[in-house]
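Have a look at entry21.cif; it's mmCIF, C-alpha atoms:
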data_upload
#
loop_
_atom_site.label_atom_id
_atom_site.label_comp_id
_atom_site.auth_asym_id
_atom_site.auth_seq_id
_atom_site.Cartn_x
_atom_site.Cartn_y
_atom_site.Cartn_z
CA MET A 296 1.39 -102.30 83.85
CA ALA A 297 1.27 -100.45 87.18
CA LYS A 298 -0.91 -97.34 87.04
CA TYR A 299 -0.84 -94.37 89.40
CA LEU A 300 -4.33 -93.35 90.50
CA LYS A 301 -2.77 -90.69 92.73
CA GLN A 302 0.76 -89.32 92.69
CA GLY A 303 2.80 -86.84 94.74
CA LEU A 304 5.49 -84.29 93.89
CA ALA A 305 7.87 -84.82 90.99
CA GLN A 306 11.30 -86.14 91.95
CA ALA A 307 12.95 -82.93 90.71
CA GLN A 308 11.05 -80.91 93.31
CA VAL A 309 12.13 -83.29 96.07
CA ASP A 310 15.77 -83.10 94.92
CA GLU A 311 15.68 -79.30 94.92
CA ALA A 312 14.49 -79.22 98.55
CA ASP A 313 17.20 -81.71 99.54
CA ALA A 314 19.89 -79.53 97.94
CA LYS A 315 18.86 -76.51 100.02
CA VAL A 316 19.07 -78.53 103.22
CA ARG A 317 22.51 -79.85 102.23
CA VAL A 318 23.97 -76.34 101.92
CA GLN A 319 22.51 -75.16 105.25
CA VAL A 320 23.83 -78.17 107.13
CA GLU A 321 27.31 -77.85 105.65
CA GLY A 322 27.62 -74.29 106.96
CA ILE A 323 26.37 -75.15 110.44
CA LEU A 324 28.71 -78.13 110.82
CA ALA A 325 31.69 -76.02 109.77
CA ASP A 326 30.77 -73.37 112.34
CA ILE A 327 30.45 -75.93 115.16
CA GLU A 328 33.77 -77.52 114.24
CA LEU A 329 35.42 -74.09 114.32
CA ARG A 330 33.81 -72.53 117.41
CA GLY A 331 32.70 -75.55 119.47
CA ASP A 332 30.51 -74.90 122.50
CA LYS A 333 29.97 -71.24 121.62
CA ALA A 334 28.41 -72.13 118.27
CA VAL A 335 26.34 -74.91 119.86
CA ARG A 336 24.93 -72.48 122.45
CA GLU A 337 23.97 -69.94 119.80
CA LEU A 338 22.21 -72.62 117.74
CA SER A 339 20.42 -74.05 120.77
CA GLU A 340 19.17 -70.62 121.79
CA LYS A 341 18.11 -69.81 118.23
CA PHE A 342 16.26 -73.04 117.42
CA ASP A 343 15.20 -74.36 120.84
CA ASN A 344 15.25 -71.22 123.01
CA TRP A 345 17.45 -73.25 125.35
CA ASN A 346 20.70 -72.05 126.96
CA PRO A 347 21.33 -73.92 130.25
CA SER A 348 24.51 -73.70 132.30
CA ASN A 349 25.30 -77.26 131.21
CA PHE A 350 23.69 -79.29 128.42
CA ARG A 351 24.52 -82.54 130.25
CA LEU A 352 22.03 -83.58 132.91
CA THR A 353 23.25 -84.40 136.42
CA GLU A 354 21.95 -87.40 138.36
CA THR A 355 19.79 -85.01 140.41
CA GLU A 356 18.31 -83.48 137.26
CA ILE A 357 17.60 -86.94 135.85
CA GLU A 358 15.81 -87.95 139.04
CA SER A 359 13.83 -84.71 138.98
CA ALA A 360 12.72 -85.29 135.39
CA MET A 361 11.73 -88.89 136.09
CA SER A 362 9.68 -87.85 139.11
CA LYS A 363 7.39 -85.97 136.73
CA VAL A 364 6.52 -89.11 134.75
CA ARG A 365 3.39 -91.00 135.75
CA LYS A 366 3.93 -94.47 137.19
CA ARG A 367 1.82 -96.03 134.42
CA ASP A 368 3.94 -94.30 131.77
CA LEU A 369 7.12 -95.57 133.41
CA ASN A 370 5.66 -99.08 133.40
CA ASP A 371 4.77 -98.76 129.71
CA ILE A 372 8.30 -97.59 128.92
CA ARG A 373 9.67 -100.52 130.91
CA PHE A 374 7.45 -102.97 129.01
CA ALA A 375 8.52 -101.61 125.61
CA GLN A 376 12.19 -101.72 126.58
CA GLU A 377 11.82 -105.32 127.75
CA GLN A 378 10.55 -106.28 124.28
CA VAL A 379 13.38 -104.45 122.50
CA ARG A 380 15.98 -105.85 124.90
CA ASN A 381 14.69 -109.40 124.55
CA PHE A 382 14.80 -109.39 120.75
CA ALA A 383 18.22 -107.69 120.72
CA GLN A 384 19.58 -110.34 123.09
CA HIS A 385 18.40 -113.09 120.75
CA GLN A 386 20.02 -111.28 117.84
CA LYS A 387 23.29 -110.93 119.72
CA ALA A 388 23.24 -114.64 120.55
CA ALA A 389 23.33 -115.33 116.81
CA LEU A 390 26.65 -113.47 116.50
CA LYS A 391 29.45 -115.91 117.26
CA ASP A 392 33.21 -115.55 117.47
CA ILE A 393 34.82 -118.18 115.26
CA GLU A 394 38.22 -119.84 114.97
CA VAL A 395 39.01 -122.48 112.39
CA GLU A 396 42.12 -124.30 111.15
CA THR A 397 41.70 -123.84 107.40
CA ILE A 398 44.70 -125.97 106.44
CA PRO A 399 47.13 -127.74 108.80
CA GLY A 400 48.96 -125.10 110.82
CA VAL A 401 46.92 -122.07 109.65
CA VAL A 402 44.34 -120.73 112.09
CA LEU A 403 41.90 -117.96 111.10
CA GLY A 404 39.22 -116.38 113.22
CA HIS A 405 37.09 -113.37 113.96
CA LYS A 406 36.01 -111.58 117.11
CA ASN A 407 32.87 -109.50 117.54
CA ILE A 408 33.82 -106.32 119.41
CA PRO A 409 31.39 -103.55 120.45
CA VAL A 410 32.01 -99.98 119.31
CA ASN A 411 33.63 -98.01 122.16
CA SER A 412 31.25 -95.04 122.21
CA VAL A 413 27.92 -94.20 120.60
CA GLY A 414 25.81 -91.06 120.34
CA CYS A 415 22.06 -91.76 120.27
CA TYR A 416 19.84 -89.00 118.92
CA VAL A 417 16.21 -88.99 120.05
CA PRO A 418 13.93 -86.66 118.07
CA GLY A 419 11.64 -84.37 119.99
CA GLY A 420 10.49 -81.58 117.72
CA LYS A 421 6.83 -81.91 116.79
CA TYR A 422 6.53 -85.20 118.70
CA PRO A 423 8.63 -86.41 121.66
CA MET A 424 9.91 -89.70 120.25
CA VAL A 425 10.24 -91.64 123.50
CA ALA A 426 10.42 -94.92 121.59
CA SER A 427 13.60 -93.88 119.78
CA ALA A 428 15.44 -94.06 123.10
CA HIS A 429 14.50 -97.72 123.41
CA MET A 430 15.63 -98.50 119.89
CA SER A 431 19.08 -96.93 120.14
CA VAL A 432 20.09 -96.86 123.81
CA VAL A 433 18.74 -100.27 124.81
CA THR A 434 20.14 -101.97 121.71
CA ALA A 435 23.58 -100.38 122.18
CA LYS A 436 23.56 -101.51 125.81
CA VAL A 437 22.78 -105.10 124.82
CA ALA A 438 25.63 -104.95 122.29
CA GLY A 439 28.00 -104.04 125.11
CA VAL A 440 28.92 -100.46 124.10
CA PRO A 441 30.96 -99.04 127.05
CA ARG A 442 29.91 -95.37 126.65
CA ILE A 443 26.45 -94.36 125.46
CA VAL A 444 25.62 -90.67 125.05
CA ALA A 445 21.96 -89.81 124.40
CA SER A 446 20.59 -86.44 123.33
CA ALA A 447 17.12 -85.00 122.76
CA PRO A 448 15.87 -81.42 122.38
CA PRO A 449 14.08 -79.64 125.20
CA GLN A 450 10.29 -79.39 125.30
CA GLU A 451 8.76 -76.11 126.44
CA GLY A 452 11.99 -74.92 127.99
CA ALA A 453 12.91 -78.06 129.92
CA PRO A 454 14.12 -81.65 129.42
CA HIS A 455 11.24 -83.86 128.33
CA PRO A 456 10.59 -86.07 131.40
CA ALA A 457 9.50 -89.21 129.55
CA ILE A 458 12.42 -89.07 127.10
CA VAL A 459 14.87 -88.59 129.96
CA ALA A 460 13.27 -91.53 131.76
CA ALA A 461 13.55 -93.74 128.68
CA MET A 462 17.19 -92.78 128.12
CA HIS A 463 18.10 -93.41 131.75
CA MET A 464 16.15 -96.67 132.05
CA GLY A 465 17.66 -97.83 128.76
CA GLY A 466 21.19 -97.42 130.09
CA ALA A 467 22.53 -94.09 128.78
CA ASP A 468 25.76 -93.03 130.51
CA GLU A 469 25.40 -89.34 129.58
CA ILE A 470 22.20 -87.47 128.77
CA LEU A 471 22.30 -84.21 126.83
CA VAL A 472 19.39 -81.83 126.39
CA MET A 473 20.18 -80.61 122.91
CA GLY A 474 18.46 -80.93 119.55
CA GLY A 475 18.96 -80.88 115.82
CA ILE A 476 22.22 -80.44 113.94
CA GLN A 477 23.96 -79.07 117.02
CA ALA A 478 23.24 -82.26 118.95
CA VAL A 479 24.59 -84.74 116.41
CA ALA A 480 27.55 -82.46 115.63
CA THR A 481 28.44 -82.13 119.32
CA MET A 482 28.34 -85.89 119.82
CA ALA A 483 30.25 -86.64 116.63
CA LEU A 484 32.88 -83.91 116.64
CA GLY A 485 33.19 -83.30 120.37
CA THR A 486 33.44 -79.87 121.96
CA GLU A 487 35.15 -78.41 125.00
CA SER A 488 32.43 -79.83 127.25
CA VAL A 489 31.46 -83.10 125.50
CA ALA A 490 33.86 -85.81 124.36
CA GLY A 491 33.16 -87.05 120.83
CA VAL A 492 31.83 -90.51 120.06
CA ASP A 493 32.77 -93.14 117.47
CA MET A 494 29.30 -93.68 116.03
CA LEU A 495 25.98 -91.82 115.61
CA VAL A 496 22.59 -93.53 115.56
CA GLY A 497 18.94 -92.57 115.67
CA PRO A 498 16.35 -90.97 113.40
CA GLY A 499 15.66 -87.26 112.99
CA ASN A 500 14.30 -84.63 110.64
CA MET A 501 15.83 -83.81 107.27
CA PHE A 502 18.48 -81.59 108.88
CA VAL A 503 19.58 -84.28 111.34
CA ALA A 504 19.65 -86.88 108.55
CA GLU A 505 21.75 -84.61 106.34
CA ALA A 506 24.11 -83.81 109.23
CA LYS A 507 24.67 -87.52 109.81
CA ARG A 508 25.34 -87.98 106.11
CA GLN A 509 27.98 -85.25 106.11
CA LEU A 510 29.57 -86.50 109.34
CA TYR A 511 29.81 -90.08 108.05
CA GLY A 512 33.47 -91.02 107.73
CA ARG A 513 34.58 -88.98 110.70
CA VAL A 514 32.24 -91.22 112.69
CA GLY A 515 30.21 -94.27 111.82
CA ILE A 516 26.45 -94.04 111.47
CA ASP A 517 23.63 -96.53 111.59
CA LEU A 518 22.21 -95.61 108.17
CA PHE A 519 21.07 -92.72 106.01
CA ALA A 520 17.55 -92.17 107.32
CA GLY A 521 15.16 -89.75 105.66
CA PRO A 522 11.45 -89.10 106.22
CA THR A 523 9.28 -92.03 107.30
CA GLU A 524 7.97 -94.13 104.40
CA THR A 525 5.01 -96.49 104.43
CA LEU A 526 3.91 -98.91 101.74
CA ILE A 527 0.65 -100.81 102.12
CA ILE A 528 0.34 -103.89 99.90
CA ALA A 529 -3.30 -104.94 99.98
CA ASP A 530 -5.99 -106.84 98.10
CA GLU A 531 -9.74 -107.34 98.44
CA THR A 532 -9.30 -109.22 101.74
CA VAL A 533 -9.16 -105.87 103.60
CA ASP A 534 -11.11 -102.63 103.34
CA GLY A 535 -10.39 -98.98 102.63
CA GLU A 536 -10.89 -97.87 106.22
CA LEU A 537 -8.06 -100.10 107.49
CA CYS A 538 -5.74 -99.09 104.65
CA ALA A 539 -6.44 -95.39 105.20
CA VAL A 540 -5.78 -95.63 108.95
CA ASP A 541 -2.44 -97.33 108.33
CA LEU A 542 -1.42 -94.81 105.66
CA LEU A 543 -2.33 -91.73 107.71
CA GLY A 544 -0.91 -93.22 110.89
CA GLN A 545 2.53 -92.82 109.32
CA ALA A 546 1.83 -89.75 107.17
CA GLU A 547 1.44 -87.79 110.42
CA HIS A 548 5.19 -88.17 111.05
CA GLY A 549 5.92 -85.15 108.90
CA PRO A 550 4.92 -83.22 105.79
CA THR A 551 7.44 -85.09 103.61
CA SER A 552 6.54 -88.66 104.65
CA PRO A 553 5.53 -90.84 101.68
CA ALA A 554 2.50 -93.09 102.19
CA VAL A 555 1.64 -95.40 99.29
CA LEU A 556 -1.03 -98.01 98.62
CA LEU A 557 -0.15 -100.82 96.22
CA THR A 558 -3.14 -102.96 95.23
CA THR A 559 -4.69 -105.15 92.56
CA SER A 560 -8.19 -103.99 93.51
CA LEU A 561 -9.63 -100.88 91.85
CA GLN A 562 -12.48 -100.92 94.36
CA LEU A 563 -10.04 -100.94 97.30
CA ALA A 564 -7.96 -98.18 95.71
CA GLU A 565 -10.95 -95.88 95.24
CA SER A 566 -12.36 -96.74 98.66
CA THR A 567 -9.03 -95.97 100.33
CA ILE A 568 -8.73 -92.58 98.61
CA GLY A 569 -12.21 -91.69 99.82
CA GLU A 570 -11.46 -92.94 103.34
CA VAL A 571 -8.26 -90.92 103.52
CA GLU A 572 -10.20 -87.73 102.75
CA ARG A 573 -12.87 -88.61 105.33
CA GLN A 574 -10.35 -89.42 108.05
CA LEU A 575 -8.33 -86.28 107.34
CA SER A 576 -11.39 -84.28 108.36
CA ILE A 577 -11.31 -85.76 111.87
CA LEU A 578 -7.64 -86.68 112.43
CA PRO A 579 -6.12 -84.46 115.16
CA THR A 580 -2.80 -84.36 113.28
CA SER A 581 -4.42 -83.67 109.90
CA ASP A 582 -2.47 -80.42 109.41
CA ILE A 583 0.67 -82.53 108.89
CA ALA A 584 -0.88 -85.68 107.42
CA LYS A 585 -2.90 -83.72 104.85
CA LYS A 586 0.20 -82.07 103.37
CA SER A 587 2.12 -85.34 103.44
CA TRP A 588 -0.70 -87.14 101.63
CA ALA A 589 -1.13 -84.33 99.08
CA ASP A 590 2.58 -84.04 98.23
CA TYR A 591 3.91 -87.55 98.84
CA GLY A 592 0.92 -89.90 98.93
CA ALA A 593 0.28 -92.30 96.07
CA VAL A 594 -2.09 -95.08 95.04
CA ILE A 595 -0.77 -97.61 92.53
CA LEU A 596 -3.01 -100.14 90.77
CA CYS A 597 -1.29 -103.35 89.62
CA ASP A 598 -2.46 -106.09 87.27
CA ASP A 599 -1.56 -109.01 89.52
CA ILE A 600 0.36 -110.11 92.62
CA GLU A 601 3.58 -110.57 90.64
CA GLU A 602 3.46 -106.93 89.55
CA MET A 603 2.85 -105.82 93.14
CA LEU A 604 5.98 -107.69 94.22
CA LYS A 605 8.00 -106.10 91.42
CA GLU A 606 6.78 -102.60 92.30
CA ALA A 607 7.41 -103.11 96.01
CA ASN A 608 10.99 -104.18 95.34
CA ARG A 609 11.46 -101.17 93.06
CA LEU A 610 10.14 -98.73 95.67
CA ALA A 611 12.21 -100.32 98.48
CA PHE A 612 10.24 -98.54 101.21
CA GLU A 613 11.10 -98.32 104.88
CA HIS A 614 7.89 -99.89 106.22
CA VAL A 615 6.01 -102.45 104.15
CA GLN A 616 2.69 -103.68 105.48
CA VAL A 617 1.23 -106.70 103.69
CA MET A 618 -2.51 -107.33 103.95
CA THR A 619 -3.25 -109.90 101.29
CA SER A 620 -4.60 -113.43 101.09
CA ASP A 621 -1.01 -114.76 100.91
CA PRO A 622 1.39 -112.54 102.91
CA ASP A 623 4.08 -115.25 102.82
CA TYR A 624 4.39 -114.67 99.08
CA PHE A 625 5.86 -111.27 99.91
CA LEU A 626 7.86 -112.52 102.89
CA ASN A 627 9.58 -114.98 100.56
CA GLY A 628 9.81 -112.72 97.51
CA LEU A 629 10.58 -109.22 98.82
CA THR A 630 14.27 -108.35 98.94
CA ASN A 631 14.23 -104.53 99.27
CA TYR A 632 12.60 -103.06 102.39
CA GLY A 633 13.28 -101.85 105.92
CA ALA A 634 10.81 -103.93 107.93
CA LEU A 635 7.85 -106.14 107.05
CA PHE A 636 4.49 -106.21 108.83
CA LEU A 637 2.58 -109.30 107.81
CA GLY A 638 -1.21 -109.50 108.03
CA PRO A 639 -3.88 -107.08 109.28
CA ARG A 640 -3.37 -107.94 112.95
CA THR A 641 -0.02 -106.14 113.06
CA ASN A 642 0.92 -102.68 111.83
CA VAL A 643 3.80 -100.20 111.61
CA SER A 644 2.82 -98.54 114.88
CA PHE A 645 3.49 -101.79 116.76
CA GLY A 646 7.00 -101.85 115.30
CA ASP A 647 7.52 -98.16 115.99
CA LYS A 648 6.63 -98.30 119.65
CA VAL A 649 6.48 -101.61 121.42
CA ILE A 650 6.70 -104.99 119.71
CA GLY A 651 10.49 -105.35 119.95
CA THR A 652 11.90 -105.00 116.43
CA ASN A 653 13.87 -101.82 115.79
CA HIS A 654 12.19 -98.81 114.22
CA THR A 655 15.34 -97.11 112.88
CA LEU A 656 15.15 -98.32 109.29
CA PRO A 657 16.51 -97.54 105.81
CA THR A 658 14.64 -94.98 103.68
CA LYS A 659 15.06 -93.49 100.20
CA ARG A 660 15.56 -96.94 98.68
CA ALA A 661 18.52 -97.76 100.96
CA GLY A 662 16.76 -101.05 101.75
CA ARG A 663 18.32 -102.29 98.50
CA TYR A 664 21.69 -102.55 100.26
CA THR A 665 21.20 -102.35 104.04
CA GLY A 666 18.88 -103.39 106.80
CA GLY A 667 17.90 -101.30 109.80
CA LEU A 668 19.46 -100.66 113.17
CA TRP A 669 20.05 -103.81 115.21
CA VAL A 670 22.46 -105.06 117.83
CA GLY A 671 24.94 -106.06 115.12
CA LYS A 672 25.30 -102.44 113.96
CA PHE A 673 27.07 -101.66 117.24
CA ILE A 674 29.44 -104.60 116.88
CA LYS A 675 32.53 -104.72 114.66
CA THR A 676 33.72 -108.06 113.34
CA HIS A 677 37.52 -108.15 113.36
CA THR A 678 39.58 -110.95 111.86
CA TYR A 679 42.88 -112.43 113.05
CA GLN A 680 45.31 -115.08 111.82
CA ARG A 681 47.87 -117.36 113.41
CA VAL A 682 50.36 -119.70 111.69
CA LEU A 683 51.36 -122.57 113.97
CA THR A 684 54.03 -124.51 112.04
CA ASP A 685 57.11 -123.84 109.94
CA GLU A 686 55.65 -125.93 107.13
CA ALA A 687 52.45 -123.87 106.97
CA SER A 688 54.37 -120.58 106.98
CA ALA A 689 56.62 -121.71 104.15
CA LEU A 690 53.68 -123.02 102.12
CA MET A 691 51.75 -119.75 102.45
CA GLY A 692 54.96 -117.87 101.71
CA GLU A 693 55.51 -119.66 98.40
CA TYR A 694 52.06 -118.87 97.07
CA CYS A 695 52.09 -115.36 98.49
CA SER A 696 55.49 -114.57 96.93
CA ARG A 697 54.37 -115.47 93.45
CA LEU A 698 51.03 -113.63 93.77
CA CYS A 699 52.78 -110.49 95.02
CA MET A 700 55.21 -110.49 92.10
CA LEU A 701 52.28 -111.03 89.73
CA GLU A 702 51.01 -107.65 90.92
CA GLY A 703 54.44 -106.00 90.99
CA PHE A 704 54.65 -105.72 94.79
CA SER A 705 58.26 -106.74 95.39
CA GLY A 706 58.27 -105.49 98.99
CA HIS A 707 55.20 -107.57 99.72
CA ALA A 708 56.90 -110.54 98.09
CA GLU A 709 59.94 -110.17 100.32
CA GLN A 710 57.70 -110.44 103.40
CA ALA A 711 56.75 -113.86 102.07
CA ASN A 712 60.26 -114.79 100.86
CA ILE A 713 61.91 -114.28 104.24
CA ARG A 714 59.47 -116.77 105.75
CA VAL A 715 60.27 -119.27 103.00
CA ARG A 716 63.98 -118.88 103.75
CA ARG A 717 63.65 -119.07 107.54
CA TYR A 718 60.91 -121.66 107.92
CA GLY A 719 61.16 -123.60 104.67
CA GLY A 720 64.93 -123.90 104.38
CA ARG A 721 64.95 -122.64 100.79
CA ASN A 722 67.56 -120.22 99.45
CA VAL A 723 65.26 -117.67 97.80
CA PRO A 724 66.82 -114.50 96.33
CA PRO A 725 65.33 -111.27 97.72
CA TYR A 726 62.58 -109.53 95.74
CA THR A 727 61.88 -112.43 93.39
CA ALA A 728 59.06 -114.88 92.98
CA VAL A 729 59.52 -118.23 94.70
CA GLU A 730 59.59 -120.93 92.05
CA PRO A 731 57.75 -124.20 92.76
CA VAL A 732 59.93 -127.16 93.74
#
Is it possible to give me this structure as structure tokens?
Amino acid sequence: MAKYLKQGLAQAQVDEADAKVRVQVEGILADIELRGDKAVRELSEKFDNWNPSNFRLTETEIESAMSKVRKRDLNDIRFAQEQVRNFAQHQKAALKDIEVETIPGVVLGHKNIPVNSVGCYVPGGKYPMVASAHMSVVTAKVAGVPRIVASAPPQEGAPHPAIVAAMHMGGADEILVMGGIQAVATMALGTESVAGVDMLVGPGNMFVAEAKRQLYGRVGIDLFAGPTETLIIADETVDGELCAVDLLGQAEHGPTSPAVLLTTSLQLAESTIGEVERQLSILPTSDIAKKSWADYGAVILCDDIEEMLKEANRLAFEHVQVMTSDPDYFLNGLTNYGALFLGPRTNVSFGDKVIGTNHTLPTKRAGRYTGGLWVGKFIKTHTYQRVLTDEASALMGEYCSRLCMLEGFSGHAEQANIRVRRYGGRNVPPYTAVEPV
């Protein structure tokens, strides 16, 4: 049986914190919907100390911001976006329109159509998340979205140059300098100065995530994303230092980011706990990572590899890094996760920043029913039908008529009956089931 050697906060404490956020967000969204730009300005000034004449950057302002980015940094951004774009293009190529004649005279098909407009949120609170611009803007562009709006909060009273560069290079049509709830609400609901979008994507803090949850339905969203989660599945083939680095490398995201080690090795478990404490004493972001590890970190000891697989599927974490003698066992057996990182040569940071897979992934066990952001999230699959012959219309009409009357839908049945009369030459009374010949 799996045994916790270290455990974080009780679930009830986590739920209580979530409830407080939910109430705050509900009030702010209602205010923005009622007062529009005025409410947005007040929130921006309150939370970001930012109240420009226009939240949307002009071409001149974009050029000015990009001029402040070092050439090497621009090249690095370009390289990362090339990897994301390349993988997204391969994914899109796998999405095909289809048309098939299912029975003689009946043609069914579907078309893959991009969403018309998307709002991409790029976090920039504690850390300027340049990579999030690649993941959302570039992927939406590959999907063929006609209008892409991107927004990120200001940094030290100005647009963050590298984020602006990444948004612009990725293909954003409009760039807003705006953060938090007010940013996603502005993009989703629209205000006097910003036209609303059809879909919201991108990660954010707990307030942004909750705002997206409450806005879902009025607009589409990529997924319900909470704090970053990392699960390390490891055995005696790796050491505590490597496991600790990979746990803390994600724990630094925020004070509520779960980081969990799942192992069959007691020695590795104890070594990792010791290494985490040692590394926290020298990690520059230890003020955040220490709280995250204390409140949300865990070490789970399992009896065997089968139990590790069972526990990993139960946890359904966002990032799952496998460092065992047989990583393919987990590739083939895991069904609930956001993204997999197989073997010690790769890691979550590669996926977050540069390797090409998308880093906007399901959290809070949502990996049980959805994958992460990808080019297909921006594309809607719409079906169509065409009936080519009188015989096919009459045949479908006969079956449809009887099935409609089985359910009591006489009006539906008459839609079928009129086709039987006109195209099948049968004298069928209105609002009755067509009897077989």
For this session: Could you expand the PyMOL selection byres ((chain A and resi 437) around 8) into the explicit residues it covers here, written as a list in words?
Result: Arg380, Ala383, Gln384, Lys387, Val433, Thr434, Ala435, Lys436, Ala438, Gly439, Val440 and Val670 of chain A
For this session: Starting from the point (43.5, -126.4, 110.8), work out which residues of protein, DNA or RNA have an atom no more than 12 Å away when counting all atoms listed in the file; state them as a PyMOL selection string.
Result: chain A and resi 394-404+680-684+687
Problem set entry | Residues matched by the PyMOL selection byres ((chain A and resi 641-657) around 9), written as an MDAnalysis selection string | chainID A and resid 371:372 374:383 425:427 429:431 434 496:498 517:521 523 525 541 544:545 611:616 632:640 658:663 665:669
Generate a file of the selected residues that holds C-alpha atoms, formatted as an mmCIF file, in the coordinates of the input.
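Below is the file that was written, again_27.cif:
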data_model
loop_
_atom_site.group_PDB
_atom_site.id
_atom_site.type_symbol
_atom_site.label_atom_id
_atom_site.label_comp_id
_atom_site.auth_asym_id
_atom_site.auth_seq_id
_atom_site.Cartn_x
_atom_site.Cartn_y
_atom_site.Cartn_z
ATOM 1 C CA ASP A 371 4.770 -98.760 129.710
ATOM 2 C CA ILE A 372 8.300 -97.590 128.920
ATOM 3 C CA PHE A 374 7.450 -102.970 129.010
ATOM 4 C CA ALA A 375 8.520 -101.610 125.610
ATOM 5 C CA GLN A 376 12.190 -101.720 126.580
ATOM 6 C CA GLU A 377 11.820 -105.320 127.750
ATOM 7 C CA GLN A 378 10.550 -106.280 124.280
ATOM 8 C CA VAL A 379 13.380 -104.450 122.500
ATOM 9 C CA ARG A 380 15.980 -105.850 124.900
ATOM 10 C CA ASN A 381 14.690 -109.400 124.550
ATOM 11 C CA PHE A 382 14.800 -109.390 120.750
ATOM 12 C CA ALA A 383 18.220 -107.690 120.720
ATOM 13 C CA VAL A 425 10.240 -91.640 123.500
ATOM 14 C CA ALA A 426 10.420 -94.920 121.590
ATOM 15 C CA SER A 427 13.600 -93.880 119.780
ATOM 16 C CA HIS A 429 14.500 -97.720 123.410
ATOM 17 C CA MET A 430 15.630 -98.500 119.890
ATOM 18 C CA SER A 431 19.080 -96.930 120.140
ATOM 19 C CA THR A 434 20.140 -101.970 121.710
ATOM 20 C CA VAL A 496 22.590 -93.530 115.560
ATOM 21 C CA GLY A 497 18.940 -92.570 115.670
ATOM 22 C CA PRO A 498 16.350 -90.970 113.400
ATOM 23 C CA ASP A 517 23.630 -96.530 111.590
ATOM 24 C CA LEU A 518 22.210 -95.610 108.170
ATOM 25 C CA PHE A 519 21.070 -92.720 106.010
ATOM 26 C CA ALA A 520 17.550 -92.170 107.320
ATOM 27 C CA GLY A 521 15.160 -89.750 105.660
ATOM 28 C CA THR A 523 9.280 -92.030 107.300
ATOM 29 C CA THR A 525 5.010 -96.490 104.430
ATOM 30 C CA ASP A 541 -2.440 -97.330 108.330
ATOM 31 C CA GLY A 544 -0.910 -93.220 110.890
ATOM 32 C CA GLN A 545 2.530 -92.820 109.320
ATOM 33 C CA ALA A 611 12.210 -100.320 98.480
ATOM 34 C CA PHE A 612 10.240 -98.540 101.210
ATOM 35 C CA GLU A 613 11.100 -98.320 104.880
ATOM 36 C CA HIS A 614 7.890 -99.890 106.220
ATOM 37 C CA VAL A 615 6.010 -102.450 104.150
ATOM 38 C CA GLN A 616 2.690 -103.680 105.480
ATOM 39 C CA TYR A 632 12.600 -103.060 102.390
ATOM 40 C CA GLY A 633 13.280 -101.850 105.920
ATOM 41 C CA ALA A 634 10.810 -103.930 107.930
ATOM 42 C CA LEU A 635 7.850 -106.140 107.050
ATOM 43 C CA PHE A 636 4.490 -106.210 108.830
ATOM 44 C CA LEU A 637 2.580 -109.300 107.810
ATOM 45 C CA GLY A 638 -1.210 -109.500 108.030
ATOM 46 C CA PRO A 639 -3.880 -107.080 109.280
ATOM 47 C CA ARG A 640 -3.370 -107.940 112.950
ATOM 48 C CA THR A 658 14.640 -94.980 103.680
ATOM 49 C CA LYS A 659 15.060 -93.490 100.200
ATOM 50 C CA ARG A 660 15.560 -96.940 98.680
ATOM 51 C CA ALA A 661 18.520 -97.760 100.960
ATOM 52 C CA GLY A 662 16.760 -101.050 101.750
ATOM 53 C CA ARG A 663 18.320 -102.290 98.500
ATOM 54 C CA THR A 665 21.200 -102.350 104.040
ATOM 55 C CA GLY A 666 18.880 -103.390 106.800
ATOM 56 C CA GLY A 667 17.900 -101.300 109.800
ATOM 57 C CA LEU A 668 19.460 -100.660 113.170
ATOM 58 C CA TRP A 669 20.050 -103.810 115.210
#
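Distance annotation: of A:Ile674, A:Leu561, A:Cys695, A:Leu304, the residue with the minimal separation from Gly592 of chain A is A:Leu304; atom set is all atoms listed in the file.
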Problem set entry | Chain and number of each residue from the PyMOL selection byres ((chain A and resi 307-316) around 12), as an MDAnalysis selection string | chainID A and resid 303:306 317:323 476 500:506 508:509 521:522 551:553 590:591 659
At a cut-off of 12 Å, using all atoms listed in the file, what residues contact Leu329 of chain A? Leave out same-chain residues fewer than 5 positions from it and give the result as a PDB file with C-alpha atoms, keeping the file's coordinate frame.
ATOM      1  CA  GLY A 322      27.620 -74.290 106.960  1.00  0.00           C
ATOM      2  CA  ILE A 323      26.370 -75.150 110.440  1.00  0.00           C
ATOM      3  CA  LEU A 324      28.710 -78.130 110.820  1.00  0.00           C
ATOM      4  CA  ALA A 334      28.410 -72.130 118.270  1.00  0.00           C
ATOM      5  CA  VAL A 335      26.340 -74.910 119.860  1.00  0.00           C
ATOM      6  CA  ALA A 480      27.550 -82.460 115.630  1.00  0.00           C
ATOM      7  CA  THR A 481      28.440 -82.130 119.320  1.00  0.00           C
ATOM      8  CA  LEU A 484      32.880 -83.910 116.640  1.00  0.00           C
ATOM      9  CA  GLY A 485      33.190 -83.300 120.370  1.00  0.00           C
ATOM     10  CA  THR A 486      33.440 -79.870 121.960  1.00  0.00           C
ATOM     11  CA  GLU A 487      35.150 -78.410 125.000  1.00  0.00           C
TER      12      GLU A 487
END
Exercise. For Arg373 of chain A, which residue among A:Gly474, A:Pro622, A:Gly465, A:Pro454 is the nearest when counting only C-alpha atoms?
Worked result: A:Gly465
Exercise. Can you tell me, as a PyMOL selection string, what residues are no more than 8 Å from Val444 of chain A when counting all atoms listed in the file, ignoring any on the same chain fewer than 2 positions away?
Worked result: chain A and resi 412-415+442+446+467-471+482+492
